[in-house]
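See below for the structure under consideration.
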Amino acid sequence: MKGPSERERKALRRKIDAIGWSLFFIWIGICMIGDFESSLTLLGIGLILLGGQAARKYYSLEVEMFWVIVGFLFLAGGLWDILGLNVPFGAAILILIGVLGLFKTLRRQGDQNTQDEDTNG
């Protein structure tokens, strides 16, 4: 069985993106009319972003990790607000990114550039 052509895949990607943006604007409008707490607004945006990436995965399209990360950040921001944590969210995220980067660097078996310099020098 042959999969969808590149043309069909491109059309499906555009459709998923258009649905996601439409849901985003609908959600923002609902939140404004309903005067929702920012935490609920953030949670909804996160779910819309992650839902779009889940749809891409379901249809065997490439998942965009940037939007997965952004979706999780919106969810985390909403939960942060709901839980009333006293640490500023932005600062906590920056610390987390730094720790993850440090962990990834220290865990790496060997950087290709370092190996090239060792063999050349």
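Convention: chains lettered A, B, ... in structure tokens order; per-chain residue numbering from 1; ligands numbered from 1 as shown.
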
*Got a sec: who's within 10 Å of segment 21-35 of chain A, counting only C-alpha atoms, leaving out chain neighbours fewer than 5 positions off, as an MDAnalysis selection string?*
chainID A and resid 15:16 40:42 44:49 52

Just to be explicit: take each residue in the selection above, keep C-alpha atoms, and write the result as a compact mmCIF listing (two decimals), in the first residue's frame.
```txt
# COMPACT_ATOMS: atom_id res chain seq x y z
CA LYS A 15 -4.78 21.86 7.01
CA ILE A 16 -3.51 20.86 10.46
CA LEU A 40 -6.65 28.48 32.01
CA THR A 41 -5.71 30.48 28.93
CA LEU A 42 -2.16 29.14 29.07
CA GLY A 44 -5.67 25.80 26.60
CA ILE A 45 -2.96 27.19 24.34
CA GLY A 46 -0.60 24.42 25.44
CA LEU A 47 -3.21 21.77 24.68
CA ILE A 48 -3.91 23.25 21.24
CA LEU A 49 -0.20 23.26 20.38
CA GLY A 52 -1.55 19.87 16.58
```

*Interatomic distance between atom CA of Leu96 of chain A and atom CA of Lys57 of chain A?*
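We find that atom CA of Leu96 of chain A and atom CA of Lys57 of chain A lie 26.6 Å from each other.
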
*Identify, on the basis of only C-alpha atoms, every residue whose closest approach to segment 1-14 of chain A does not exceed 9 Å; exclude the query and any residue fewer than 6 positions from it along the same chain; express the result as a list in words.*
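In the requested form, the answer reads Arg56, Tyr59 and Leu61 of chain A.
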
*Contacts of Val63 of chain A at 10 Å or less, counting only C-alpha atoms, minus same-chain residues fewer than 4 places along, as a ChimeraX atom specification?*
/A:50,52-58,67-68

*asked:* Between atom CA of Phe89 of chain A and atom CA of Ala76 of chain A, what distance in Å does the model show, to one decimal?
replied: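 That distance, rounded to one decimal, is 8.7 Å.
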
_Using DSSP secondary structure from the backbone, list all helix (DSSP H, G or I) positions within segment 13-109 of chain A, as a ChimeraX atom specification._
/A:13-34,38-58,65-83,89-107

I need the chosen residues saved as a PDB file, in the first residue's frame, with C-alpha atoms.
```
ATOM      1  CA  ARG A  13       0.274  19.857   7.013  1.00  0.00           C
ATOM      2  CA  ARG A  14      -1.374  23.100   5.886  1.00  0.00           C
ATOM      3  CA  LYS A  15      -4.783  21.858   7.009  1.00  0.00           C
ATOM      4  CA  ILE A  16      -3.512  20.863  10.461  1.00  0.00           C
ATOM      5  CA  ASP A  17      -1.741  24.231  10.831  1.00  0.00           C
ATOM      6  CA  ALA A  18      -4.883  26.121   9.756  1.00  0.00           C
ATOM      7  CA  ILE A  19      -7.032  24.178  12.216  1.00  0.00           C
ATOM      8  CA  GLY A  20      -4.511  24.867  14.993  1.00  0.00           C
ATOM      9  CA  TRP A  21      -4.460  28.621  14.315  1.00  0.00           C
ATOM     10  CA  SER A  22      -8.251  28.710  14.090  1.00  0.00           C
ATOM     11  CA  LEU A  23      -8.580  26.936  17.432  1.00  0.00           C
ATOM     12  CA  PHE A  24      -5.996  29.309  18.906  1.00  0.00           C
ATOM     13  CA  PHE A  25      -8.007  32.410  17.914  1.00  0.00           C
ATOM     14  CA  ILE A  26     -11.298  30.830  19.014  1.00  0.00           C
ATOM     15  CA  TRP A  27      -9.758  29.938  22.388  1.00  0.00           C
ATOM     16  CA  ILE A  28      -8.312  33.424  22.913  1.00  0.00           C
ATOM     17  CA  GLY A  29     -11.719  34.936  22.067  1.00  0.00           C
ATOM     18  CA  ILE A  30     -13.502  32.614  24.492  1.00  0.00           C
ATOM     19  CA  CYS A  31     -10.982  33.454  27.211  1.00  0.00           C
ATOM     20  CA  MET A  32     -11.478  37.178  26.643  1.00  0.00           C
ATOM     21  CA  ILE A  33     -15.289  36.947  26.659  1.00  0.00           C
ATOM     22  CA  GLY A  34     -15.286  34.623  29.671  1.00  0.00           C
ATOM     23  CA  SER A  38      -4.472  33.441  32.715  1.00  0.00           C
ATOM     24  CA  SER A  39      -3.693  29.930  33.933  1.00  0.00           C
ATOM     25  CA  LEU A  40      -6.651  28.478  32.011  1.00  0.00           C
ATOM     26  CA  THR A  41      -5.712  30.484  28.934  1.00  0.00           C
ATOM     27  CA  LEU A  42      -2.157  29.143  29.066  1.00  0.00           C
ATOM     28  CA  LEU A  43      -3.340  25.567  29.590  1.00  0.00           C
ATOM     29  CA  GLY A  44      -5.669  25.801  26.602  1.00  0.00           C
ATOM     30  CA  ILE A  45      -2.956  27.192  24.339  1.00  0.00           C
ATOM     31  CA  GLY A  46      -0.599  24.424  25.438  1.00  0.00           C
ATOM     32  CA  LEU A  47      -3.214  21.773  24.684  1.00  0.00           C
ATOM     33  CA  ILE A  48      -3.914  23.249  21.243  1.00  0.00           C
ATOM     34  CA  LEU A  49      -0.199  23.265  20.375  1.00  0.00           C
ATOM     35  CA  LEU A  50       0.352  19.721  21.601  1.00  0.00           C
ATOM     36  CA  GLY A  51      -2.844  18.568  19.899  1.00  0.00           C
ATOM     37  CA  GLY A  52      -1.550  19.866  16.577  1.00  0.00           C
ATOM     38  CA  GLN A  53       1.678  17.949  16.994  1.00  0.00           C
ATOM     39  CA  ALA A  54      -0.250  14.827  18.038  1.00  0.00           C
ATOM     40  CA  ALA A  55      -2.289  15.139  14.829  1.00  0.00           C
ATOM     41  CA  ARG A  56       0.949  15.361  12.837  1.00  0.00           C
ATOM     42  CA  LYS A  57       2.213  12.202  14.558  1.00  0.00           C
ATOM     43  CA  TYR A  58      -1.104  10.413  13.929  1.00  0.00           C
ATOM     44  CA  MET A  65       9.885  19.670  18.380  1.00  0.00           C
ATOM     45  CA  PHE A  66       9.936  23.460  18.741  1.00  0.00           C
ATOM     46  CA  TRP A  67       6.132  23.514  19.016  1.00  0.00           C
ATOM     47  CA  VAL A  68       6.127  20.499  21.335  1.00  0.00           C
ATOM     48  CA  ILE A  69       8.482  22.360  23.677  1.00  0.00           C
ATOM     49  CA  VAL A  70       6.458  25.583  23.408  1.00  0.00           C
ATOM     50  CA  GLY A  71       3.261  23.613  24.121  1.00  0.00           C
ATOM     51  CA  PHE A  72       4.771  22.083  27.232  1.00  0.00           C
ATOM     52  CA  LEU A  73       6.008  25.496  28.352  1.00  0.00           C
ATOM     53  CA  PHE A  74       2.471  26.903  28.046  1.00  0.00           C
ATOM     54  CA  LEU A  75       1.117  23.939  30.041  1.00  0.00           C
ATOM     55  CA  ALA A  76       3.832  24.397  32.651  1.00  0.00           C
ATOM     56  CA  GLY A  77       3.095  28.114  32.871  1.00  0.00           C
ATOM     57  CA  GLY A  78      -0.590  27.419  33.449  1.00  0.00           C
ATOM     58  CA  LEU A  79       0.118  24.791  36.079  1.00  0.00           C
ATOM     59  CA  TRP A  80       2.694  27.084  37.688  1.00  0.00           C
ATOM     60  CA  ASP A  81       0.012  29.745  38.053  1.00  0.00           C
ATOM     61  CA  ILE A  82      -2.612  27.292  39.334  1.00  0.00           C
ATOM     62  CA  LEU A  83      -0.220  25.889  41.952  1.00  0.00           C
ATOM     63  CA  PHE A  89       8.409  30.967  36.004  1.00  0.00           C
ATOM     64  CA  GLY A  90      10.863  32.555  33.549  1.00  0.00           C
ATOM     65  CA  ALA A  91      13.772  32.243  35.954  1.00  0.00           C
ATOM     66  CA  ALA A  92      12.933  28.624  36.701  1.00  0.00           C
ATOM     67  CA  ILE A  93      12.761  27.798  32.986  1.00  0.00           C
ATOM     68  CA  LEU A  94      16.131  29.452  32.335  1.00  0.00           C
ATOM     69  CA  ILE A  95      17.700  27.443  35.165  1.00  0.00           C
ATOM     70  CA  LEU A  96      16.124  24.254  33.811  1.00  0.00           C
ATOM     71  CA  ILE A  97      17.418  24.931  30.293  1.00  0.00           C
ATOM     72  CA  GLY A  98      20.901  25.531  31.695  1.00  0.00           C
ATOM     73  CA  VAL A  99      20.853  22.352  33.766  1.00  0.00           C
ATOM     74  CA  LEU A 100      19.610  20.299  30.799  1.00  0.00           C
ATOM     75  CA  GLY A 101      22.288  21.791  28.539  1.00  0.00           C
ATOM     76  CA  LEU A 102      24.975  21.066  31.106  1.00  0.00           C
ATOM     77  CA  PHE A 103      23.723  17.519  31.632  1.00  0.00           C
ATOM     78  CA  LYS A 104      23.601  16.874  27.877  1.00  0.00           C
ATOM     79  CA  THR A 105      27.115  18.221  27.399  1.00  0.00           C
ATOM     80  CA  LEU A 106      28.605  16.222  30.264  1.00  0.00           C
ATOM     81  CA  ARG A 107      26.785  13.068  29.204  1.00  0.00           C
TER      82      ARG A 107
END
```
